[in-house]
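J.: Dropping in run_17.csv, which is CSV, C-alpha atoms:
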```csv
chain,number,residue,atom,x,y,z
A,1,MET,CA,-7.2,-0.7,39.8
A,2,SER,CA,-3.9,-0.6,41.8
A,3,GLN,CA,-1.5,2.3,41.6
A,4,LYS,CA,1.1,0.0,40.0
A,5,LYS,CA,-1.3,-1.1,37.2
A,6,ILE,CA,-2.4,2.5,36.6
A,7,PHE,CA,1.2,3.5,36.3
A,8,LEU,CA,2.0,0.7,33.8
A,9,VAL,CA,-1.0,1.5,31.7
A,10,ILE,CA,-0.1,5.2,31.5
A,11,VAL,CA,3.5,4.3,30.5
A,12,ALA,CA,2.3,2.0,27.8
A,13,ILE,CA,-0.1,4.6,26.3
A,14,SER,CA,2.7,7.2,26.4
A,15,THR,CA,5.1,4.9,24.7
A,16,VAL,CA,2.7,4.0,21.8
A,17,SER,CA,1.6,7.6,21.4
A,18,LEU,CA,5.3,8.7,21.2
A,19,LEU,CA,6.2,6.0,18.6
A,20,LEU,CA,3.1,6.5,16.4
A,21,HIS,CA,2.6,10.3,16.7
A,22,HIS,CA,5.5,12.3,17.8
A,23,GLY,CA,8.6,10.3,17.1
A,24,GLY,CA,10.7,12.5,19.4
A,25,LEU,CA,13.3,9.9,20.2
A,26,LEU,CA,13.2,8.6,16.7
A,27,SER,CA,13.7,12.1,15.3
A,28,TRP,CA,16.7,12.6,17.6
A,29,THR,CA,18.1,9.3,16.3
A,30,MET,CA,17.7,10.4,12.7
A,31,GLY,CA,19.2,13.8,13.4
A,32,THR,CA,22.3,12.0,14.8
A,33,PHE,CA,22.3,9.7,11.8
A,34,HIS,CA,22.3,12.6,9.3
A,35,LEU,CA,25.5,14.0,10.8
A,36,SER,CA,27.4,11.2,9.0
A,37,CYS,CA,25.0,10.2,6.2
A,38,PRO,CA,23.9,12.9,3.6
A,39,ALA,CA,20.4,13.2,2.3
A,40,LEU,CA,19.5,12.1,-1.2
A,41,ARG,CA,21.5,14.4,-3.5
A,42,SER,CA,18.7,15.8,-5.6
A,43,HIS,CA,16.7,16.9,-2.5
A,44,PRO,CA,17.5,19.2,0.5
A,45,ASP,CA,18.1,17.8,3.9
A,46,PRO,CA,14.7,16.3,5.1
A,47,VAL,CA,15.4,17.8,8.6
A,48,LEU,CA,15.1,21.3,7.2
A,49,LYS,CA,12.4,20.7,4.6
A,50,PRO,CA,8.7,20.5,5.4
A,51,LYS,CA,7.0,17.2,4.8
A,52,HIS,CA,5.5,16.7,1.4
A,53,THR,CA,1.8,15.8,1.9
A,54,ASN,CA,0.3,15.5,-1.6
A,55,VAL,CA,0.8,11.9,-2.8
A,56,CYS,CA,-0.6,9.6,-5.4
A,57,PHE,CA,0.3,6.0,-4.7
A,58,LEU,CA,-0.8,3.6,-7.5
A,59,LYS,CA,-1.7,0.5,-5.6
A,60,THR,CA,-0.7,-2.5,-7.7
A,61,HIS,CA,-1.9,-6.1,-7.1
A,62,LYS,CA,-0.1,-8.6,-4.9
A,63,THR,CA,2.9,-6.4,-4.4
A,64,ALA,CA,2.8,-5.5,-0.6
A,65,SER,CA,0.8,-2.4,-1.7
A,66,SER,CA,-1.8,-3.0,1.1
A,67,THR,CA,1.0,-2.5,3.6
A,68,MET,CA,2.0,0.8,1.9
A,69,GLN,CA,-1.6,1.9,1.7
A,70,ASN,CA,-2.0,1.4,5.5
A,71,LEU,CA,1.1,3.5,6.0
A,72,LEU,CA,-0.3,6.3,3.9
A,73,PHE,CA,-3.7,6.1,5.7
A,74,ARG,CA,-2.1,6.5,9.1
A,75,PHE,CA,0.1,9.4,7.8
A,76,ALA,CA,-3.0,11.2,6.5
A,77,GLU,CA,-4.8,10.8,9.8
A,78,ARG,CA,-1.9,12.0,11.9
A,79,ASN,CA,-1.5,15.1,9.7
A,80,ASN,CA,-5.2,15.8,9.3
A,81,LEU,CA,-5.1,15.3,5.5
A,82,THR,CA,-7.8,14.3,3.1
A,83,VAL,CA,-7.7,10.9,1.4
A,84,ALA,CA,-9.6,10.4,-1.9
A,85,LEU,CA,-11.9,7.4,-1.3
A,86,PRO,CA,-14.2,5.5,-3.6
A,87,VAL,CA,-18.0,6.1,-3.6
A,88,GLN,CA,-19.6,3.5,-1.4
A,89,ALA,CA,-21.1,1.6,-4.3
A,90,TYR,CA,-17.6,0.7,-5.4
A,91,GLY,CA,-16.4,-0.6,-2.1
A,92,HIS,CA,-12.7,-0.2,-1.4
A,93,GLN,CA,-11.7,0.2,-5.1
A,94,PHE,CA,-12.1,3.0,-7.7
A,95,CYS,CA,-14.4,0.8,-9.9
A,96,TYR,CA,-11.4,-1.3,-10.9
A,97,PRO,CA,-10.8,-2.6,-13.6
A,98,ARG,CA,-12.4,0.4,-15.4
A,99,SER,CA,-10.0,3.3,-16.1
A,100,PHE,CA,-10.1,5.8,-13.3
A,101,THR,CA,-12.2,8.9,-13.5
A,102,SER,CA,-12.9,11.5,-10.8
A,103,HIS,CA,-16.6,10.4,-10.8
A,104,PHE,CA,-15.5,7.3,-8.8
A,105,VAL,CA,-14.4,9.6,-5.9
A,106,HIS,CA,-16.7,10.1,-2.9
A,107,PRO,CA,-17.6,13.9,-2.8
A,108,HIS,CA,-16.9,14.0,1.0
A,109,THR,CA,-13.3,13.2,0.3
A,110,LEU,CA,-12.6,16.2,-2.0
A,111,PRO,CA,-10.2,18.0,-2.5
A,112,PRO,CA,-7.7,15.3,-1.7
A,113,ASN,CA,-4.1,15.3,-0.5
A,114,ILE,CA,-3.6,11.5,-0.9
A,115,ILE,CA,-5.0,8.9,-3.2
A,116,THR,CA,-4.1,5.2,-2.8
A,117,ASN,CA,-7.0,2.8,-3.3
A,118,HIS,CA,-6.9,0.3,-6.1
A,119,MET,CA,-7.5,1.8,-9.6
A,120,ARG,CA,-6.5,1.4,-13.2
A,121,PHE,CA,-4.2,4.4,-13.6
A,122,ASN,CA,-5.4,7.3,-15.8
A,123,LYS,CA,-2.8,10.0,-15.7
A,124,ALA,CA,-5.0,12.8,-17.2
A,125,GLU,CA,-7.8,12.2,-14.8
A,126,ILE,CA,-5.6,11.9,-11.8
A,127,LYS,CA,-3.8,15.1,-12.6
A,128,ARG,CA,-7.1,16.9,-12.9
A,129,LEU,CA,-8.0,15.7,-9.4
A,130,MET,CA,-4.8,16.0,-7.5
A,131,PRO,CA,-2.8,19.2,-6.5
A,132,ASN,CA,-0.1,20.3,-9.0
A,133,ASP,CA,2.7,19.4,-6.7
A,134,THR,CA,1.6,15.8,-6.2
A,135,ILE,CA,4.3,13.2,-6.1
A,136,TYR,CA,3.5,9.9,-7.8
A,137,LEU,CA,4.6,6.6,-6.4
A,138,THR,CA,4.0,2.9,-7.2
A,139,ILE,CA,5.4,-0.5,-6.4
A,140,LEU,CA,6.4,-3.5,-8.6
A,141,ARG,CA,7.2,-7.1,-7.6
A,142,GLU,CA,9.3,-9.8,-9.2
A,143,PRO,CA,7.0,-11.4,-11.9
A,144,GLY,CA,7.4,-15.0,-10.9
A,145,SER,CA,6.4,-14.7,-7.2
A,146,MET,CA,3.7,-12.1,-8.2
A,147,PHE,CA,2.0,-14.3,-10.8
A,148,GLU,CA,2.1,-17.3,-8.4
A,149,SER,CA,0.3,-15.1,-5.9
A,150,LEU,CA,-2.2,-13.8,-8.4
A,151,PHE,CA,-2.9,-17.4,-9.7
A,152,THR,CA,-3.6,-18.6,-6.1
A,153,TYR,CA,-5.5,-15.5,-4.9
A,154,TYR,CA,-7.9,-15.1,-7.9
A,155,ASN,CA,-8.2,-18.8,-8.7
A,156,GLN,CA,-12.0,-18.7,-8.0
A,157,HIS,CA,-12.6,-15.3,-9.6
A,158,CYS,CA,-10.6,-15.2,-12.9
A,159,GLN,CA,-12.2,-17.4,-15.6
A,160,THR,CA,-8.9,-18.0,-17.2
A,161,PHE,CA,-7.6,-19.7,-14.0
A,162,LYS,CA,-10.9,-21.5,-13.3
A,163,ARG,CA,-10.6,-23.3,-16.6
A,164,VAL,CA,-7.2,-24.9,-15.7
A,165,PRO,CA,-7.6,-28.6,-14.6
A,166,ASN,CA,-7.1,-29.0,-10.8
A,167,GLY,CA,-6.0,-25.4,-10.6
A,168,SER,CA,-2.5,-26.3,-11.8
A,169,LEU,CA,-0.1,-23.5,-12.4
A,170,GLU,CA,2.2,-25.9,-14.3
A,171,ALA,CA,-0.7,-26.9,-16.6
A,172,PHE,CA,-1.6,-23.2,-17.3
A,173,LEU,CA,2.0,-22.3,-18.1
A,174,GLU,CA,2.3,-25.2,-20.5
A,175,GLU,CA,-0.4,-23.8,-22.8
A,176,PRO,CA,-1.6,-20.4,-21.4
A,177,MET,CA,-3.4,-19.4,-24.7
A,178,ARG,CA,-5.6,-22.5,-24.3
A,179,TYR,CA,-7.2,-21.0,-21.2
A,180,TYR,CA,-6.7,-17.2,-21.6
A,181,ARG,CA,-9.4,-14.9,-23.1
A,182,PRO,CA,-8.1,-11.3,-23.4
A,183,ASP,CA,-11.5,-9.6,-23.4
A,184,GLU,CA,-13.0,-11.6,-20.6
A,185,LYS,CA,-13.9,-10.2,-17.2
A,186,PHE,CA,-10.9,-10.3,-14.8
A,187,SER,CA,-8.5,-11.3,-17.6
A,188,MET,CA,-6.1,-8.6,-16.2
A,189,TYR,CA,-5.2,-10.9,-13.4
A,190,ALA,CA,-4.0,-13.5,-15.9
A,191,ARG,CA,-1.5,-11.5,-17.9
A,192,ASN,CA,0.8,-8.5,-17.4
A,193,THR,CA,-1.2,-7.2,-14.4
A,194,LEU,CA,1.3,-4.5,-13.5
A,195,THR,CA,1.1,-3.2,-17.0
A,196,PHE,CA,-2.7,-3.1,-16.9
A,197,ASP,CA,-2.7,-1.4,-13.5
A,198,LEU,CA,-0.4,1.3,-14.8
A,199,GLY,CA,-2.8,2.0,-17.7
A,200,GLY,CA,-0.9,0.0,-20.4
A,201,ASP,CA,-1.9,-2.6,-22.9
A,202,LYS,CA,-1.5,-6.0,-21.2
A,203,ASP,CA,-1.9,-7.9,-24.6
A,204,ARG,CA,0.6,-6.0,-26.6
A,205,PRO,CA,2.9,-8.5,-28.3
A,206,ALA,CA,6.3,-9.0,-26.8
A,207,THR,CA,7.8,-8.4,-30.2
A,208,ASP,CA,6.6,-4.7,-30.1
A,209,VAL,CA,9.8,-3.4,-28.7
A,210,ALA,CA,8.9,0.2,-29.5
A,211,TYR,CA,5.7,0.1,-27.5
A,212,VAL,CA,7.4,-1.5,-24.4
A,213,ARG,CA,10.2,1.1,-24.5
A,214,ALA,CA,7.8,4.0,-24.8
A,215,PHE,CA,5.6,2.6,-22.0
A,216,VAL,CA,8.6,2.2,-19.6
A,217,GLU,CA,9.7,5.7,-20.4
A,218,GLU,CA,6.2,7.1,-19.7
A,219,VAL,CA,6.1,5.3,-16.3
A,220,GLU,CA,9.5,6.7,-15.5
A,221,ARG,CA,8.4,10.3,-16.4
A,222,THR,CA,5.3,10.0,-14.3
A,223,PHE,CA,6.4,8.3,-11.1
A,224,SER,CA,9.1,9.9,-9.0
A,225,LEU,CA,9.7,6.6,-7.2
A,226,VAL,CA,8.9,3.1,-8.2
A,227,MET,CA,9.3,0.9,-5.2
A,228,ILE,CA,10.3,-2.8,-5.3
A,229,THR,CA,8.6,-5.3,-3.1
A,230,GLU,CA,11.7,-7.5,-2.6
A,231,TYR,CA,13.5,-4.4,-1.2
A,232,PHE,CA,10.6,-2.8,0.6
A,233,ASP,CA,12.6,-1.3,3.5
A,234,GLU,CA,15.2,0.1,1.1
A,235,SER,CA,12.4,1.6,-1.0
A,236,LEU,CA,10.9,3.2,2.1
A,237,VAL,CA,14.3,4.9,2.8
A,238,LEU,CA,14.2,6.5,-0.6
A,239,LEU,CA,10.5,7.5,-0.1
A,240,ARG,CA,11.4,9.1,3.3
A,241,HIS,CA,14.1,11.2,1.6
A,242,LEU,CA,11.9,12.1,-1.4
A,243,LEU,CA,9.0,13.2,0.8
A,244,SER,CA,11.1,14.7,3.6
A,245,TRP,CA,9.3,12.4,6.1
A,246,ASP,CA,10.5,11.2,9.5
A,247,LEU,CA,11.4,7.7,10.4
A,248,ASP,CA,8.2,7.2,12.4
A,249,ASP,CA,6.2,8.1,9.3
A,250,ILE,CA,7.3,4.9,7.5
A,251,LEU,CA,6.8,2.4,10.3
A,252,TYR,CA,4.6,-0.5,9.2
A,253,VAL,CA,3.4,-4.0,9.8
A,254,LYS,CA,3.1,-6.5,6.9
A,255,LEU,CA,-0.5,-6.9,5.9
A,256,ASN,CA,-2.6,-9.1,3.6
A,257,MET,CA,-0.2,-12.0,3.6
A,258,ARG,CA,-1.1,-15.6,2.6
A,259,GLY,CA,-0.6,-18.5,4.9
A,260,MET,CA,2.2,-21.0,4.0
A,261,SER,CA,-0.4,-23.6,2.9
A,262,SER,CA,-1.6,-21.2,0.2
A,263,LYS,CA,1.8,-20.7,-1.4
A,264,GLN,CA,3.5,-22.7,-4.1
A,265,SER,CA,7.3,-22.8,-4.5
A,266,LEU,CA,8.6,-22.1,-8.1
A,267,THR,CA,11.2,-23.9,-10.0
A,268,PRO,CA,13.6,-21.9,-12.2
A,269,GLY,CA,11.7,-23.3,-15.2
A,270,LEU,CA,8.3,-22.1,-14.0
A,271,THR,CA,9.7,-18.7,-13.2
A,272,ALA,CA,11.1,-18.4,-16.8
A,273,LYS,CA,7.7,-19.4,-18.2
A,274,ILE,CA,6.0,-16.8,-16.1
A,275,ARG,CA,8.4,-14.1,-17.2
A,276,ALA,CA,7.8,-15.1,-20.9
A,277,TRP,CA,4.0,-15.0,-20.5
A,278,ASN,CA,4.2,-11.7,-18.6
A,279,SER,CA,7.0,-10.2,-20.7
A,280,ILE,CA,6.0,-6.5,-20.4
A,281,ASP,CA,5.8,-6.8,-16.6
A,282,ALA,CA,9.2,-8.6,-16.6
A,283,GLN,CA,10.7,-5.7,-18.5
A,284,LEU,CA,9.1,-3.1,-16.3
A,285,TYR,CA,10.4,-4.9,-13.2
A,286,ASP,CA,14.0,-5.3,-14.5
A,287,HIS,CA,14.2,-1.6,-15.5
A,288,PHE,CA,12.9,-0.2,-12.2
A,289,ASN,CA,14.7,-2.7,-10.1
A,290,ALA,CA,18.0,-1.4,-11.7
A,291,SER,CA,16.7,2.2,-11.3
A,292,LEU,CA,16.0,1.6,-7.6
A,293,TRP,CA,19.6,0.4,-7.0
A,294,ARG,CA,21.0,3.4,-8.8
A,295,GLN,CA,19.1,5.7,-6.5
A,296,LEU,CA,20.2,3.7,-3.4
A,297,SER,CA,23.8,3.9,-4.6
A,298,ALA,CA,23.4,7.7,-5.0
A,299,LEU,CA,22.3,7.9,-1.4
A,300,GLY,CA,25.1,5.7,-0.2
A,301,LEU,CA,24.6,2.0,0.4
A,302,ALA,CA,26.2,2.1,3.8
A,303,CYS,CA,23.9,4.9,4.9
A,304,VAL,CA,20.9,3.0,3.5
A,305,ALA,CA,21.8,-0.1,5.4
A,306,LYS,CA,22.1,2.0,8.6
A,307,GLU,CA,18.7,3.6,8.0
A,308,VAL,CA,17.1,0.2,7.3
A,309,ARG,CA,18.4,-1.1,10.6
A,310,LEU,CA,17.0,1.9,12.5
A,311,LEU,CA,13.7,1.4,10.8
A,312,GLN,CA,13.6,-2.3,11.7
A,313,GLN,CA,14.6,-1.6,15.3
A,314,ALA,CA,11.9,1.1,15.6
A,315,GLN,CA,9.3,-1.2,14.2
A,316,GLU,CA,10.2,-3.9,16.7
A,317,ARG,CA,9.8,-1.5,19.6
A,318,LEU,CA,6.4,-0.4,18.2
A,319,MET,CA,5.2,-3.9,17.7
A,320,ARG,CA,6.2,-4.9,21.3
A,321,SER,CA,4.4,-1.8,22.6
A,322,CYS,CA,1.2,-2.8,20.8
A,323,PHE,CA,1.3,-6.5,21.6
A,324,GLY,CA,2.1,-6.6,25.3
A,325,GLY,CA,5.9,-6.8,25.1
A,326,ARG,CA,5.9,-9.7,22.5
A,327,MET,CA,6.1,-9.8,18.7
A,328,PRO,CA,2.7,-10.6,17.3
A,329,LEU,CA,1.7,-14.0,15.7
A,330,LEU,CA,0.0,-14.2,12.4
A,331,ARG,CA,-3.4,-15.6,12.7
A,332,SER,CA,-6.0,-17.0,10.2
A,333,ALA,CA,-9.2,-15.0,9.9
A,334,ALA,CA,-11.1,-17.6,11.9
A,335,GLN,CA,-8.8,-17.1,14.8
A,336,ILE,CA,-9.1,-13.3,14.9
A,337,LYS,CA,-11.8,-12.3,17.4
A,338,ASN,CA,-12.0,-8.6,16.4
A,339,LYS,CA,-14.0,-8.4,13.2
A,340,GLU,CA,-12.4,-5.0,12.4
A,341,LEU,CA,-9.1,-6.9,12.0
A,342,ARG,CA,-10.2,-9.9,9.9
A,343,PRO,CA,-8.7,-9.6,6.4
A,344,LEU,CA,-10.8,-10.3,3.3
A,345,GLN,CA,-10.8,-13.9,2.2
A,346,PRO,CA,-10.9,-14.3,-1.6
A,347,SER,CA,-12.0,-18.0,-1.4
A,348,LEU,CA,-12.0,-21.0,0.8
A,349,LYS,CA,-8.8,-22.2,-0.9
A,350,VAL,CA,-6.7,-19.2,0.2
A,351,ASP,CA,-5.9,-18.2,3.7
A,352,ILE,CA,-5.1,-14.5,4.2
A,353,MET,CA,-3.5,-13.9,7.5
A,354,GLY,CA,-3.9,-11.1,10.0
A,355,TYR,CA,-3.3,-10.0,13.6
A,356,ASP,CA,-5.4,-9.7,16.7
A,357,LEU,CA,-4.6,-7.3,19.6
A,358,PRO,CA,-4.1,-8.9,23.1
A,359,VAL,CA,-7.3,-9.1,25.1
A,360,ASN,CA,-5.8,-6.9,27.9
A,361,VAL,CA,-5.5,-4.0,25.4
A,362,SER,CA,-9.3,-3.5,25.2
A,363,HIS,CA,-10.4,-2.0,28.5
A,364,GLY,CA,-10.2,1.2,30.5
A,365,PHE,CA,-7.0,3.2,30.2
A,366,TRP,CA,-5.9,1.1,27.2
A,367,SER,CA,-8.5,2.6,24.8
A,368,LEU,CA,-6.2,5.2,23.3
A,369,ALA,CA,-3.3,2.8,22.8
A,370,GLN,CA,-5.7,0.3,21.4
A,371,GLU,CA,-6.9,2.8,18.7
A,372,LEU,CA,-3.4,3.6,17.7
A,373,CYS,CA,-2.3,0.0,17.4
A,374,LEU,CA,-5.6,-1.1,15.8
A,375,LYS,CA,-5.0,1.2,12.8
A,376,LEU,CA,-1.5,-0.2,12.4
A,377,ILE,CA,-2.9,-3.7,11.7
A,378,MET,CA,-6.3,-2.8,10.2
A,379,PRO,CA,-7.0,-4.4,6.8
A,380,GLU,CA,-7.7,-2.2,3.9
A,381,VAL,CA,-11.4,-2.8,3.5
A,382,GLN,CA,-12.2,-1.9,7.1
A,383,TYR,CA,-9.7,1.0,7.2
A,384,THR,CA,-11.3,2.5,4.0
A,385,GLN,CA,-14.7,2.4,5.7
A,386,VAL,CA,-13.3,4.0,8.9
A,387,LEU,CA,-11.7,6.8,6.9
A,388,LEU,CA,-14.8,7.4,4.9
A,389,ARG,CA,-16.9,7.8,8.0
A,390,SER,CA,-14.4,10.1,9.7
A,391,GLN,CA,-14.0,12.3,6.6
A,392,SER,CA,-17.7,12.4,6.0
A,393,ILE,CA,-18.2,13.7,9.5
A,394,ARG,CA,-15.5,16.3,9.0
A,395,TYR,CA,-17.0,17.3,5.6
A,396,ARG,CA,-20.5,17.8,7.1
A,397,ARG,CA,-19.2,19.8,10.0
A,398,THR,CA,-17.2,22.1,7.7
A,399,HIS,CA,-20.2,22.7,5.4
A,400,GLN,CA,-22.6,23.3,8.4
A,401,LEU,CA,-20.2,26.0,9.6
A,402,ARG,CA,-20.0,27.6,6.1
A,403,SER,CA,-23.8,27.5,5.4
A,404,PRO,CA,-24.9,30.2,7.9
A,405,GLN,CA,-22.2,32.5,6.8
A,406,GLN,CA,-23.2,32.1,3.1
A,407,SER,CA,-26.9,32.6,3.9
A,408,HIS,CA,-26.5,35.7,6.0
A,409,PRO,CA,-24.8,38.5,4.0
A,410,LEU,CA,-22.9,41.2,5.8
A,411,GLN,CA,-25.1,43.9,7.3
```
Would you encode the structure as structure tokens?
T.:
Amino acid sequence: MSQKKIFLVIVAISTVSLLLHHGGLLSWTMGTFHLSCPALRSHPDPVLKPKHTNVCFLKTHKTASSTMQNLLFRFAERNNLTVALPVQAYGHQFCYPRSFTSHFVHPHTLPPNIITNHMRFNKAEIKRLMPNDTIYLTILREPGSMFESLFTYYNQHCQTFKRVPNGSLEAFLEEPMRYYRPDEKFSMYARNTLTFDLGGDKDRPATDVAYVRAFVEEVERTFSLVMITEYFDESLVLLRHLLSWDLDDILYVKLNMRGMSSKQSLTPGLTAKIRAWNSIDAQLYDHFNASLWRQLSALGLACVAKEVRLLQQAQERLMRSCFGGRMPLLRSAAQIKNKELRPLQPSLKVDIMGYDLPVNVSHGFWSLAQELCLKLIMPEVQYTQVLLRSQSIRYRRTHQLRSPQQSHPLQ
């Protein structure tokens, strides 16, 4: 390899390592930023406060939660934290849709700092598992676009959707009770999915105003931040201040997105019908969307906008570092050569897109940069498996070191 090529490779590795691990330049930028923009009023300046590392993120369905999960996985690895993961028999989910219990957690991933894989939320069980100072987060999406995504993604798995002639969303919304069976397997994908994920009653009548009000209040008491998909970057700004994280801790790439051919546009009439059918989800979204903007206003909308721009600029630099100076193109699973990067395909009718690293980021001196960039775009199923392997190795090493000490008492 020529001296020039070696020099370019070393520079590239150094750049990616800086962006993903140290954030020196980014930290300087944020320090300058904070001279004019105050931190969130209810929390001390993140520059002076240590990072908060005990986090429960309730991963809801079809809300960009896979992108958020990847961000948390990478944060855990950089900071040598333990992520609670499902036992292998349950794959990448905590035996969803059953209500969560600690029995679903792999023993090699205990005690945890972070928990984020799909589950049906059970507050009492989670609190028994997680440290007392755990901060609880989740994310909600506008009910119209979310239900359209659910209907398409789970069309071949949810019996309610399979009954609908020609897989027509319009036909379903004309007479939803004709197709819906509340006690059927996977019925949670067909009505008030957010409510179900949060541990609520998806089939509570919309007329039960007292139940809905009490449920919203309980969610608000439990979760310090409810993110909103449509304002993902703004939500990350609030998260960064809440957890006292750096800008480089919230860099991300959008994951688990459908191809355009798998999406259906919605008329205002269809959106209204979706909101009526998913009335509890709609009320949850409306409440926490308003709450998000109150928090953003408290931080200062001008400061939030500046921080969002810094985030987007940093992400573009990172992406170009990982993809050979260019922005990456979304690819179908069939086009992705690296099987570690192929996203799960729910059916032949849905195309879930992903990314592939350039071929020249796969040999020699590029190995370190490749690993860092690989994790940034790794789908949740594969990343869960990678994390479980690495944490199991760490667990065995730790217990091997402890065993001789325990078996040989002091002389």
J.: Between CA of Leu247 in chain A and CA of Ser297 in chain A, what is the distance, to one decimal in Å?
T.: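 Result for CA of Leu247 in chain A versus CA of Ser297 in chain A: 19.8 Å, one decimal.
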J.: Just want the 12 Å neighbourhood of Met319 in chain A, counted on all atoms listed in the file, with same-chain residues fewer than 4 positions away dropped. Output as a PyMOL selection string.
T.: chain A and resi 15-16+19-20+251-254+312-315+323-329+355+357-358+369+372-374+376-377
J.: Determine, counting all atoms listed in the file, which protein, DNA and RNA residues have an atom within 8 Å of an atom of Asn122 in chain A; residues of the same chain fewer than 5 positions away are not included. Present the result as a list in words.
T.: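 Here the qualifying residues turn out to be Ser99, Phe100, Thr101, Leu198 and Gly199 of chain A.
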J.: Mind listing as number ranges by chain all residues within 6 Å of (11.8, -1.2, 8.3), counting all atoms listed in the file?
T.: A: 233, 308, 311-312
J.: Identify, on the basis of only C-alpha atoms, every residue whose closest approach to Gly144 in chain A does not exceed 8 Å; exclude the query and any residue fewer than 6 positions from it along the same chain; express the result as a list in words.
T.: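 Residues meeting the cut-off are Leu266, Leu270, Thr271, Ala272, Ile274 and Arg275 of chain A.
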J.: Would you mind telling me which residue in A:Leu341, A:Ser279, A:Met68, A:Ile139 lies nearest to Asp208 in chain A when using all atoms listed in the file?
T.: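 Comparing A:Leu341, A:Ser279, A:Met68, A:Ile139 against Asp208 in chain A, the winner is A:Ser279.
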J.: Show which residues sit within 12 Å of Ile250 in chain A, as a PyMOL selection string. Count only C-alpha atoms, and ignore same-chain residues fewer than 6 positions away.
T.: chain A and resi 19-21+23+26+67-75+232-241+243-244+307-308+310-312+314-315+318+376
J.: Go through A:Arg213, A:Met146, A:Arg389, A:Tyr96 and flag the residue nearest Lys185 in chain A, using all atoms listed in the file for the distances.
T.: A:Tyr96
J.: Enter the distance from CA of Lys337 in chain A to CA of Met378 in chain A, in Å, rounded to one decimal.
T.: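 Answer for the CA of Lys337 in chain A to CA of Met378 in chain A separation: 13.1 Å.
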J.: Just give me the gap between CA of Cys158 in chain A and CA of Glu230 in chain A in Å, one decimal is fine.
T.: 25.7 Å
J.: For Thr207 in chain A, which of A:Ala276, A:Arg342, A:Ala84, A:Arg320 is the closest residue, counting all atoms listed in the file?
T.: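 Once distances to Thr207 in chain A are computed over all atoms listed in the file, the minimum belongs to A:Ala276.
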